[in-house]
$ cat run16.cif   # mmCIF, C-alpha atoms
data_query
#
loop_
_atom_site.label_atom_id
_atom_site.label_comp_id
_atom_site.auth_asym_id
_atom_site.auth_seq_id
_atom_site.Cartn_x
_atom_site.Cartn_y
_atom_site.Cartn_z
CA MET W 1 42.83 14.46 14.81
CA ASP W 2 42.17 15.20 11.14
CA GLU W 3 41.94 11.46 10.43
CA PHE W 4 39.29 10.97 13.10
CA SER W 5 37.27 14.03 12.23
CA SER W 6 37.08 12.88 8.61
CA LEU W 7 34.93 9.93 9.77
CA PRO W 8 31.16 10.34 9.56
CA GLY W 9 29.51 11.70 12.68
CA ILE W 10 32.78 12.69 14.34
CA GLY W 11 33.46 16.40 14.75
CA LYS W 12 36.58 18.22 15.84
CA LYS W 13 35.82 18.06 19.56
CA THR W 14 35.12 14.32 19.55
CA ALA W 15 38.22 13.74 17.44
CA LEU W 16 40.34 15.59 20.00
CA ARG W 17 38.82 13.56 22.82
CA LEU W 18 39.58 10.30 21.00
CA VAL W 19 43.18 11.34 20.26
CA LEU W 20 43.80 12.36 23.87
CA PHE W 21 42.28 9.05 25.05
CA LEU W 22 44.52 7.00 22.77
CA LEU W 23 47.60 8.98 23.89
CA ARG W 24 46.84 7.96 27.46
CA GLN W 25 46.68 4.23 26.57
CA ASP W 26 49.76 1.97 26.43
CA ASP W 27 51.50 1.20 23.13
CA GLU W 28 50.13 -2.31 22.93
CA ARG W 29 46.53 -1.17 22.87
CA VAL W 30 47.10 1.38 20.12
CA GLU W 31 48.98 -1.20 18.05
CA ARG W 32 46.14 -3.66 18.43
CA PHE W 33 43.62 -1.04 17.31
CA SER W 34 45.72 -0.11 14.33
CA SER W 35 46.34 -3.70 13.21
CA THR W 36 42.67 -4.62 13.65
CA LEU W 37 41.78 -1.82 11.26
CA LEU W 38 44.25 -3.10 8.67
CA LYS W 39 43.10 -6.69 9.12
CA MET W 40 39.46 -5.66 8.72
CA LYS W 41 40.21 -3.84 5.51
CA LYS W 42 42.30 -6.68 4.12
CA GLU W 43 40.27 -9.70 5.12
CA ILE W 44 36.67 -8.65 4.71
CA LYS W 45 35.53 -9.49 1.24
CA HIS W 46 32.29 -8.99 -0.61
CA CYS W 47 30.17 -12.02 -1.33
CA LYS W 48 30.33 -12.65 -5.08
CA ILE W 49 26.69 -13.72 -5.14
CA CYS W 50 24.90 -11.02 -3.15
CA HIS W 51 27.65 -8.39 -2.53
CA ASN W 52 27.15 -8.57 1.22
CA ILE W 53 30.30 -8.31 3.33
CA SER W 54 31.76 -11.71 4.07
CA ASP W 55 34.79 -13.57 5.42
CA SER W 56 34.91 -15.78 2.37
CA GLU W 57 33.99 -15.85 -1.32
CA THR W 58 30.31 -16.43 -0.55
CA CYS W 59 28.68 -14.99 2.56
CA SER W 60 27.11 -17.01 5.34
CA ILE W 61 23.59 -16.29 4.07
CA CYS W 62 24.26 -17.31 0.46
CA SER W 63 26.04 -20.49 1.56
CA ASP W 64 23.32 -21.48 4.03
CA PRO W 65 21.44 -24.43 2.45
CA TYR W 66 18.45 -23.88 4.72
CA ARG W 67 17.69 -20.47 3.30
CA ASP W 68 15.18 -20.24 0.48
CA GLN W 69 17.12 -19.84 -2.76
CA GLU W 70 14.09 -18.96 -4.83
CA THR W 71 13.46 -15.64 -3.08
CA VAL W 72 15.88 -12.75 -3.42
CA CYS W 73 15.43 -9.56 -1.39
CA VAL W 74 16.92 -6.47 -3.06
CA VAL W 75 18.35 -3.90 -0.63
CA GLU W 76 20.25 -0.67 -0.98
CA ASN W 77 23.15 -1.50 1.33
CA ILE W 78 24.57 -3.93 3.83
CA ARG W 79 23.03 -2.09 6.75
CA ASP W 80 19.58 -2.94 5.36
CA ILE W 81 20.46 -6.65 5.38
CA MET W 82 21.26 -6.27 9.06
CA SER W 83 17.93 -4.50 9.73
CA ILE W 84 15.96 -7.20 7.93
CA GLU W 85 17.90 -10.04 9.55
CA ASN W 86 17.13 -8.47 12.94
CA THR W 87 13.42 -8.83 12.28
CA GLN W 88 13.90 -12.65 11.92
CA GLN W 89 11.02 -12.67 9.48
CA TYR W 90 12.85 -13.28 6.23
CA HIS W 91 14.45 -16.56 5.24
CA GLY W 92 15.46 -16.02 1.63
CA ARG W 93 18.63 -14.61 0.09
CA TYR W 94 19.68 -11.02 -0.57
CA HIS W 95 21.08 -8.86 -3.33
CA VAL W 96 22.86 -5.63 -2.41
CA LEU W 97 22.53 -2.87 -5.02
CA GLY W 98 25.21 -0.69 -3.46
CA GLY W 99 22.99 2.42 -3.58
CA ILE W 100 19.84 3.70 -5.25
CA ILE W 101 19.29 5.69 -8.42
CA SER W 102 19.75 9.35 -7.52
CA PRO W 103 20.34 11.81 -10.36
CA ILE W 104 21.09 14.56 -7.85
CA ASP W 105 24.02 12.57 -6.45
CA GLY W 106 25.04 11.40 -9.91
CA VAL W 107 24.12 7.77 -9.25
CA GLY W 108 22.68 6.03 -12.32
CA PRO W 109 21.60 2.43 -12.93
CA SER W 110 25.02 1.48 -14.27
CA ASP W 111 26.63 2.40 -10.94
CA LEU W 112 24.50 -0.21 -9.19
CA GLU W 113 24.38 -4.00 -9.18
CA ILE W 114 21.26 -4.09 -11.33
CA ASP W 115 22.63 -5.95 -14.35
CA SER W 116 23.95 -8.70 -12.09
CA LEU W 117 20.50 -8.95 -10.49
CA VAL W 118 18.78 -9.34 -13.86
CA GLU W 119 21.41 -11.89 -14.84
CA LYS W 120 20.75 -13.81 -11.62
CA ALA W 121 16.98 -13.70 -12.28
CA ARG W 122 17.43 -14.92 -15.84
CA ASN W 123 19.82 -17.77 -15.19
CA GLY W 124 19.22 -18.88 -11.62
CA ASN W 125 16.34 -20.64 -9.98
CA VAL W 126 14.95 -17.39 -8.61
CA LYS W 127 11.15 -17.20 -8.48
CA GLU W 128 10.55 -13.98 -6.61
CA VAL W 129 12.42 -10.70 -6.24
CA VAL W 130 11.33 -8.68 -3.19
CA LEU W 131 12.16 -4.99 -3.55
CA ALA W 132 12.97 -3.72 -0.05
CA LEU W 133 14.10 -0.18 -0.88
CA SER W 134 13.26 3.06 0.91
CA THR W 135 9.80 4.39 0.07
CA THR W 136 11.31 7.69 -1.06
CA MET W 137 11.35 9.19 -4.55
CA GLU W 138 14.80 7.69 -5.24
CA GLY W 139 13.70 4.32 -3.91
CA ASP W 140 10.64 4.27 -6.15
CA THR W 141 12.64 5.36 -9.19
CA THR W 142 14.92 2.41 -8.57
CA ASN W 143 11.92 0.13 -7.96
CA PHE W 144 10.44 1.04 -11.33
CA TYR W 145 13.74 0.69 -13.14
CA ILE W 146 14.28 -2.80 -11.74
CA PHE W 147 10.66 -3.78 -12.39
CA ARG W 148 11.00 -2.83 -16.05
CA LYS W 149 14.25 -4.74 -16.37
CA MET W 150 12.67 -7.77 -14.71
CA LYS W 151 9.93 -7.91 -17.34
CA GLU W 152 12.46 -9.65 -19.60
CA THR W 153 12.45 -12.52 -17.12
CA SER W 154 9.65 -14.65 -15.70
CA VAL W 155 10.42 -13.70 -12.10
CA LYS W 156 7.65 -12.32 -9.89
CA VAL W 157 8.41 -8.86 -8.47
CA THR W 158 7.01 -7.80 -5.09
CA THR W 159 7.65 -4.86 -2.77
CA ILE W 160 7.57 -4.61 1.01
CA ALA W 161 4.15 -3.55 2.32
CA ARG W 162 3.49 0.15 2.77
CA GLY W 163 1.05 1.59 5.25
CA VAL W 164 0.59 2.86 8.75
CA SER W 165 3.51 1.82 10.99
CA ILE W 166 2.79 -0.67 13.75
CA GLY W 167 2.11 1.12 17.05
CA ASP W 168 1.08 4.33 15.32
CA ASP W 169 -1.78 6.48 16.43
CA LEU W 170 -3.91 7.27 13.39
CA GLU W 171 -3.81 10.92 14.39
CA TYR W 172 -0.10 11.11 13.64
CA ALA W 173 -0.10 9.19 10.35
CA ASP W 174 0.77 11.40 7.39
CA GLU W 175 -1.85 12.09 4.75
CA ILE W 176 -0.19 10.19 1.90
CA THR W 177 0.44 7.06 3.96
CA LEU W 178 -3.09 7.15 5.37
CA GLY W 179 -4.66 7.60 1.95
CA ARG W 180 -2.65 4.71 0.58
CA SER W 181 -3.53 2.54 3.57
CA ILE W 182 -7.20 3.00 2.87
CA ILE W 183 -6.92 2.20 -0.82
CA HIS W 184 -4.70 -0.81 -0.22
CA ARG W 185 -6.66 -2.15 2.71
CA THR W 186 -6.25 -5.84 3.43
CA ALA W 187 -8.67 -8.55 4.52
CA PHE W 188 -8.74 -8.84 8.32
CA GLU W 189 -7.55 -12.45 8.18
CA ASP W 190 -4.51 -11.43 6.13
CA THR W 191 -3.65 -8.47 8.33
CA PHE W 192 -3.37 -10.70 11.33
CA GLY W 193 -2.09 -13.78 9.56
CA MET W 194 -5.13 -15.92 10.38
CA GLU W 195 -6.03 -19.07 8.51
CA GLY W 196 -9.03 -18.85 6.14
CA MET A 1 -8.38 32.66 33.55
CA ASP A 2 -9.35 29.39 35.23
CA GLU A 3 -11.90 28.70 32.49
CA PHE A 4 -9.32 29.12 29.75
CA SER A 5 -6.59 27.15 31.50
CA SER A 6 -8.96 24.21 31.91
CA LEU A 7 -8.95 23.79 28.11
CA PRO A 8 -6.53 21.23 26.66
CA GLY A 9 -3.12 22.66 25.70
CA ILE A 10 -3.69 26.00 27.42
CA GLY A 11 -1.59 26.72 30.49
CA LYS A 12 -1.80 29.55 33.02
CA LYS A 13 0.41 31.94 31.07
CA THR A 14 -1.51 31.50 27.81
CA ALA A 15 -4.80 31.83 29.72
CA LEU A 16 -3.66 35.14 31.17
CA ARG A 17 -2.61 36.37 27.74
CA LEU A 18 -6.03 35.46 26.30
CA VAL A 19 -7.91 37.13 29.15
CA LEU A 20 -5.89 40.34 28.84
CA PHE A 21 -6.45 40.30 25.09
CA LEU A 22 -10.23 39.95 25.49
CA LEU A 23 -10.28 42.75 28.08
CA ARG A 24 -8.73 45.07 25.52
CA GLN A 25 -11.42 44.28 22.90
CA ASP A 26 -14.75 46.14 22.70
CA ASP A 27 -17.90 44.66 24.25
CA GLU A 28 -19.38 43.67 20.93
CA ARG A 29 -16.53 41.34 20.10
CA VAL A 30 -16.63 39.55 23.42
CA GLU A 31 -20.38 39.12 23.14
CA ARG A 32 -20.03 37.67 19.65
CA PHE A 33 -17.41 35.19 20.89
CA SER A 34 -19.57 34.18 23.82
CA SER A 35 -22.74 33.70 21.80
CA THR A 36 -20.89 31.72 19.10
CA LEU A 37 -19.77 29.29 21.78
CA LEU A 38 -23.34 28.82 22.99
CA LYS A 39 -24.64 28.45 19.46
CA MET A 40 -22.02 25.86 18.63
CA LYS A 41 -22.91 23.81 21.68
CA LYS A 42 -26.63 24.08 21.04
CA GLU A 43 -26.80 23.58 17.29
CA ILE A 44 -24.18 20.97 16.52
CA LYS A 45 -25.75 17.54 16.62
CA HIS A 46 -24.40 14.07 16.13
CA CYS A 47 -25.40 12.22 13.00
CA LYS A 48 -27.76 9.43 14.02
CA ILE A 49 -26.27 7.10 11.39
CA CYS A 50 -22.51 7.48 11.83
CA HIS A 51 -22.20 9.62 15.01
CA ASN A 52 -20.14 12.24 13.19
CA ILE A 53 -20.82 15.84 14.16
CA SER A 54 -23.45 17.41 11.96
CA ASP A 55 -25.74 20.40 11.48
CA SER A 56 -28.73 18.13 11.00
CA GLU A 57 -30.06 14.70 11.89
CA THR A 58 -27.84 12.99 9.33
CA CYS A 59 -24.41 14.38 8.45
CA SER A 60 -23.34 15.59 5.03
CA ILE A 61 -21.42 12.36 4.33
CA CYS A 62 -24.28 10.00 5.25
CA SER A 63 -26.76 12.03 3.24
CA ASP A 64 -24.52 12.29 0.16
CA PRO A 65 -26.06 9.95 -2.46
CA TYR A 66 -22.79 9.81 -4.39
CA ARG A 67 -20.90 8.15 -1.56
CA ASP A 68 -20.66 4.37 -1.58
CA GLN A 69 -23.19 3.06 0.95
CA GLU A 70 -21.86 -0.48 0.90
CA THR A 71 -18.54 0.43 2.50
CA VAL A 72 -18.34 1.63 6.11
CA CYS A 73 -15.07 2.87 7.57
CA VAL A 74 -14.87 2.43 11.35
CA VAL A 75 -12.90 5.16 13.16
CA GLU A 76 -12.17 6.01 16.76
CA ASN A 77 -13.28 9.63 16.68
CA ILE A 78 -14.41 12.54 14.53
CA ARG A 79 -10.85 13.81 14.08
CA ASP A 80 -10.03 10.57 12.24
CA ILE A 81 -12.87 11.21 9.78
CA MET A 82 -11.28 14.58 9.07
CA SER A 83 -7.85 12.98 8.54
CA ILE A 84 -9.24 10.40 6.15
CA GLU A 85 -11.40 12.95 4.29
CA ASN A 86 -8.26 15.05 3.83
CA THR A 87 -6.58 12.23 1.95
CA GLN A 88 -9.41 12.35 -0.65
CA GLN A 89 -8.94 8.61 -1.19
CA TYR A 90 -12.04 7.27 0.49
CA HIS A 91 -15.55 7.54 -0.90
CA GLY A 92 -17.61 5.36 1.40
CA ARG A 93 -19.41 6.11 4.68
CA TYR A 94 -18.11 6.19 8.26
CA HIS A 95 -18.98 4.89 11.69
CA VAL A 96 -17.55 6.65 14.75
CA LEU A 97 -16.94 4.35 17.73
CA GLY A 98 -16.40 7.18 20.18
CA GLY A 99 -13.17 5.64 21.52
CA ILE A 100 -11.31 2.34 21.57
CA ILE A 101 -11.32 -0.51 24.05
CA SER A 102 -8.86 0.40 26.78
CA PRO A 103 -9.08 -1.50 30.09
CA ILE A 104 -6.54 0.87 31.63
CA ASP A 105 -8.84 3.84 30.99
CA GLY A 106 -11.92 1.81 31.93
CA VAL A 107 -13.33 1.83 28.39
CA GLY A 108 -15.08 -1.41 27.49
CA PRO A 109 -16.98 -2.51 24.37
CA SER A 110 -20.30 -1.40 25.85
CA ASP A 111 -19.05 2.19 26.09
CA LEU A 112 -18.53 2.27 22.35
CA GLU A 113 -20.81 2.30 19.34
CA ILE A 114 -20.07 -1.33 18.52
CA ASP A 115 -23.57 -2.79 18.88
CA SER A 116 -24.96 -0.15 16.56
CA LEU A 117 -22.24 -1.06 14.05
CA VAL A 118 -23.16 -4.75 14.16
CA GLU A 119 -26.82 -3.78 13.85
CA LYS A 120 -25.98 -1.68 10.81
CA ALA A 121 -24.01 -4.55 9.28
CA ARG A 122 -26.80 -7.00 9.89
CA ASN A 123 -29.71 -4.95 8.62
CA GLY A 124 -28.28 -2.54 6.09
CA ASN A 125 -26.83 -3.03 2.67
CA VAL A 126 -23.27 -2.90 3.98
CA LYS A 127 -20.84 -5.19 2.18
CA GLU A 128 -17.51 -4.17 3.68
CA VAL A 129 -16.40 -2.78 7.02
CA VAL A 130 -12.96 -1.13 6.89
CA LEU A 131 -11.33 -0.97 10.32
CA ALA A 132 -9.27 2.24 10.40
CA LEU A 133 -8.13 2.22 14.02
CA SER A 134 -4.72 3.00 15.45
CA THR A 135 -2.23 0.15 15.08
CA THR A 136 -1.62 0.15 18.83
CA MET A 137 -2.44 -2.58 21.34
CA GLU A 138 -5.78 -0.91 22.16
CA GLY A 139 -6.57 -0.50 18.46
CA ASP A 140 -5.88 -4.16 17.77
CA THR A 141 -7.92 -5.30 20.76
CA THR A 142 -10.83 -3.32 19.37
CA ASN A 143 -10.16 -4.67 15.87
CA PHE A 144 -10.40 -8.25 17.12
CA TYR A 145 -13.49 -7.58 19.18
CA ILE A 146 -15.30 -6.08 16.20
CA PHE A 147 -14.08 -8.82 13.87
CA ARG A 148 -15.52 -11.49 16.17
CA LYS A 149 -18.82 -9.64 16.42
CA MET A 150 -18.94 -9.28 12.65
CA LYS A 151 -18.71 -13.04 12.19
CA GLU A 152 -22.43 -13.19 12.92
CA THR A 153 -22.97 -11.18 9.75
CA SER A 154 -21.92 -11.81 6.17
CA VAL A 155 -20.00 -8.54 5.93
CA LYS A 156 -16.37 -8.58 4.76
CA VAL A 157 -13.97 -7.07 7.31
CA THR A 158 -10.78 -5.35 6.15
CA THR A 159 -8.15 -3.20 7.86
CA ILE A 160 -6.07 -0.32 6.60
CA ALA A 161 -2.70 -1.45 5.23
CA ARG A 162 0.24 -1.60 7.60
CA GLY A 163 3.85 -1.24 6.59
CA VAL A 164 6.67 1.17 5.99
CA SER A 165 5.36 4.76 5.79
CA ILE A 166 5.61 6.52 2.45
CA GLY A 167 8.79 8.61 2.24
CA ASP A 168 10.55 6.56 4.88
CA ASP A 169 14.17 5.60 4.72
CA LEU A 170 14.42 1.86 5.43
CA GLU A 171 17.14 2.62 7.93
CA TYR A 172 14.67 4.36 10.22
CA ALA A 173 11.82 1.85 9.99
CA ASP A 174 11.22 0.03 13.27
CA GLU A 175 11.90 -3.70 13.49
CA ILE A 176 8.29 -4.84 13.91
CA THR A 177 7.00 -2.76 11.02
CA LEU A 178 9.87 -3.86 8.78
CA GLY A 179 9.38 -7.53 9.65
CA ARG A 180 5.68 -7.26 8.92
CA SER A 181 6.34 -5.44 5.65
CA ILE A 182 8.48 -8.30 4.44
CA ILE A 183 5.97 -10.99 5.36
CA HIS A 184 3.06 -9.05 3.90
CA ARG A 185 4.84 -7.97 0.77
CA THR A 186 2.65 -7.06 -2.18
CA ALA A 187 2.93 -7.66 -5.91
CA PHE A 188 4.69 -4.75 -7.59
CA GLU A 189 1.64 -4.05 -9.76
CA ASP A 190 -0.55 -3.75 -6.67
CA THR A 191 1.89 -1.56 -4.77
CA PHE A 192 1.83 1.01 -7.51
CA GLY A 193 -1.77 0.49 -8.60
CA MET A 194 -0.88 -0.71 -12.08
CA GLU A 195 -3.23 -2.71 -14.28
CA GLY A 196 -2.44 -6.43 -14.58
#

$ encode --input "run16.cif" --output "structure tokens"
Amino acid sequence: MDEFSSLPGIGKKTALRLVLFLLRQDDERVERFSSTLLKMKKEIKHCKICHNISDSETCSICSDPYRDQETVCVVENIRDIMSIENTQQYHGRYHVLGGIISPIDGVGPSDLEIDSLVEKARNGNVKEVVLALSTTMEGDTTNFYIFRKMKETSVKVTTIARGVSIGDDLEYADEITLGRSIIHRTAFEDTFGMEG
Amino acid sequence: MDEFSSLPGIGKKTALRLVLFLLRQDDERVERFSSTLLKMKKEIKHCKICHNISDSETCSICSDPYRDQETVCVVENIRDIMSIENTQQYHGRYHVLGGIISPIDGVGPSDLEIDSLVEKARNGNVKEVVLALSTTMEGDTTNFYIFRKMKETSVKVTTIARGVSIGDDLEYADEITLGRSIIHRTAFEDTFGMEG
């Protein structure tokens, strides 16, 4: 029970329910569960190029020749890769930082995969680095840190667009987002991806 | 009680509470309340230029010589003007449509102040029309309708920026917004309003 309740999002009651459920199952099932856990831990590696999880040395995205090698999207964690992949709108590569700069949690630039990103930008055939971090204070601190580091290279740095969410009623948009959306307004043709 | 409960957001219980409260007050107070209501209804006009509410023929924004006359921000209703004014980021004029195109509610283009907008664009010294409508289906239908109408003029049409809201964790951004944010990514310098 203690093991289960130490997992995120699982309290004591849920842990008890899970334990009682497993006790009711036959031995075989519990063994399979247990060995799958071990196998997962042992066999899943991190891609040496982008630090995504992977079955092999390089992940399926980095080894896909059809994906644009010149564009690298910088994300905080693996979950963000999954979110962006789900949108089916991005066809470049990724780079997982493994967190964002957060003095309050004791996370500094050296704890993150920033040096390896700069190295990649300096030596590879990367043309654009897309910063896809949270639009929070920590995210922007990290954005600025990376931007400054990137100045040593000739790589173009972009960020994901910020503005009013799609499907949002203007009435419910927050003041800061709305203000920014007005300043950074876009040509109608660009907003809707029209030609000329 | 019926009068009060016919107001939006006021149910029977609240209406009763308000009525009992007013009964407890002295005559003078109730008279003042009643005459203020009448005065409000009688004296508040709509600006003949932008259709905002106003004390006079033209509202304080339209008659302010320091506000940019060449930029007109198109909004659904007066509440949106207030939201945008609160951001303190916009210094042009407005144009209130009085709604958005919504076939389901029986609102068509002719019910809105669209012709007067096109007229304004054609005859005035307007250079840019900023569409600040909700990013919903109805909002976009209206956006496209106005855009097509504006083609007859030489006015530039822009929309407010769309993307991940400020302060948002990427994890909670919806798929469509995130996908759009990646496609419409912006140069780092533009995102943070830096010079060159």

$ closest_atom_pairs --input "run16.cif" --of "chain A" --to "chain W" --cutoff "6 Å" --atoms "only C-alpha atoms" --output "Markdown table"
| residue | atom | partner | partner_atom | distance |
| --- | --- | --- | --- | --- |
| A:Thr87 | CA | W:Gly179 | CA | 5.0 |
| A:Gln89 | CA | W:Gly179 | CA | 5.4 |
| A:Ser134 | CA | W:Asp169 | CA | 4.7 |
| A:Thr135 | CA | W:Gly167 | CA | 4.9 |
| A:Thr136 | CA | W:Gly167 | CA | 4.2 |
| A:Val157 | CA | W:Phe188 | CA | 5.6 |
| A:Thr158 | CA | W:Ala187 | CA | 4.2 |
| A:Thr159 | CA | W:Arg185 | CA | 5.5 |
| A:Ile160 | CA | W:Arg185 | CA | 4.3 |
| A:Ala161 | CA | W:Ser181 | CA | 4.4 |
| A:Arg162 | CA | W:Gly163 | CA | 4.0 |
| A:Gly163 | CA | W:Arg162 | CA | 4.1 |
| A:Val164 | CA | W:Arg162 | CA | 4.6 |
| A:Ser165 | CA | W:Gly163 | CA | 5.4 |
| A:Ile166 | CA | W:Thr135 | CA | 5.3 |
| A:Gly167 | CA | W:Thr136 | CA | 4.3 |
| A:Asp168 | CA | W:Thr135 | CA | 5.3 |
| A:Asp169 | CA | W:Ser134 | CA | 4.7 |
| A:Leu170 | CA | W:Ser134 | CA | 4.8 |
| A:Glu175 | CA | W:Thr87 | CA | 5.5 |
| A:Thr177 | CA | W:Ile166 | CA | 5.4 |
| A:Gly179 | CA | W:Thr87 | CA | 5.0 |
| A:Ser181 | CA | W:Ala161 | CA | 4.4 |
| A:Ile182 | CA | W:Ile160 | CA | 5.1 |
| A:His184 | CA | W:Ala161 | CA | 5.8 |
| A:Arg185 | CA | W:Ile160 | CA | 4.3 |
| A:Thr186 | CA | W:Thr158 | CA | 5.3 |
| A:Ala187 | CA | W:Thr158 | CA | 4.2 |
| A:Phe188 | CA | W:Thr158 | CA | 4.6 |

$ atom_distance --input "run16.cif" --atom1 "atom CA of Gly99 of chain A" --atom2 "atom CA of Glu113 of chain A"
8.6 Å

$ atom_distance --input "run16.cif" --atom1 "atom CA of Asp105 of chain A" --atom2 "atom CA of Pro8 of chain A"
18.1 Å

$ resolve_selection --input "run16.cif" --expression "the PyMOL selection byres ((chain A and resi 54) around 12)" --output "ChimeraX atom specification"
/A:40-53,55-63,78

$ write_last_selection --input "run16.cif" --atoms "C-alpha atoms" --output "compact mmCIF listing (two decimals), in the frame of the given file"
# COMPACT_ATOMS: atom_id res chain seq x y z
CA MET A 40 -22.02 25.86 18.63
CA LYS A 41 -22.91 23.81 21.68
CA LYS A 42 -26.63 24.08 21.04
CA GLU A 43 -26.80 23.58 17.29
CA ILE A 44 -24.18 20.97 16.52
CA LYS A 45 -25.75 17.54 16.62
CA HIS A 46 -24.40 14.07 16.13
CA CYS A 47 -25.40 12.22 13.00
CA LYS A 48 -27.76 9.43 14.02
CA ILE A 49 -26.27 7.10 11.39
CA CYS A 50 -22.51 7.48 11.83
CA HIS A 51 -22.20 9.62 15.01
CA ASN A 52 -20.14 12.24 13.19
CA ILE A 53 -20.82 15.84 14.16
CA ASP A 55 -25.74 20.40 11.48
CA SER A 56 -28.73 18.13 11.00
CA GLU A 57 -30.06 14.70 11.89
CA THR A 58 -27.84 12.99 9.33
CA CYS A 59 -24.41 14.38 8.45
CA SER A 60 -23.34 15.59 5.03
CA ILE A 61 -21.42 12.36 4.33
CA CYS A 62 -24.28 10.00 5.25
CA SER A 63 -26.76 12.03 3.24
CA ILE A 78 -14.41 12.54 14.53

$ closest_residue --input "run16.cif" --among "W:Leu16, W:Glu152, W:His91, W:Ile114" --to "Asp68 of chain W" --atoms "only C-alpha atoms"
W:His91

$ residues_near_point --input "run16.cif" --point "(-17.9, 4.9, 3.8)" --cutoff "6 Å" --atoms "all atoms listed in the file" --output "JSON, numbers by chain"
{"A": [71, 72, 73, 91, 92, 93, 94]}

$ residues_around --input "run16.cif" --residues "Asp2 of chain W" --least-positions-apart "3" --cutoff "10 Å" --atoms "only C-alpha atoms" --output "list in words"
Ser5, Ser6, Leu7, Gly11, Lys12, Ala15, Leu16 and Val19 of chain W

$ residues_around --input "run16.cif" --residues "Arg122 of chain W" --least-positions-apart "5" --cutoff "12 Å" --atoms "all atoms listed in the file" --output "ChimeraX atom specification"
/W:115-117,127-129,149-156

$ axis_aligned_box --input "run16.cif" --around "segment 130-149 of chain W" --padding-each-side "8 Å" --output "lines of an AutoDock Vina configuration file"
center_x = 12.4
center_y = 0.3
center_z = -7.7
size_x = 21.1
size_y = 33.9
size_z = 33.3

$ atom_distance --input "run16.cif" --atom1 "atom CA of Leu112 of chain W" --atom2 "atom CA of Val96 of chain W"
8.8 Å

$ resolve_selection --input "run16.cif" --expression "the PyMOL selection byres ((chain A and resi 108) around 12)" --output "PyMOL selection string"
chain A and resi 97-107+109-114+138+141-142+145

$ closest_residue --input "run16.cif" --among "W:Glu3, W:Glu70, W:Asp26, W:Asp64" --to "Ala121 of chain W" --atoms "all atoms listed in the file"
W:Glu70
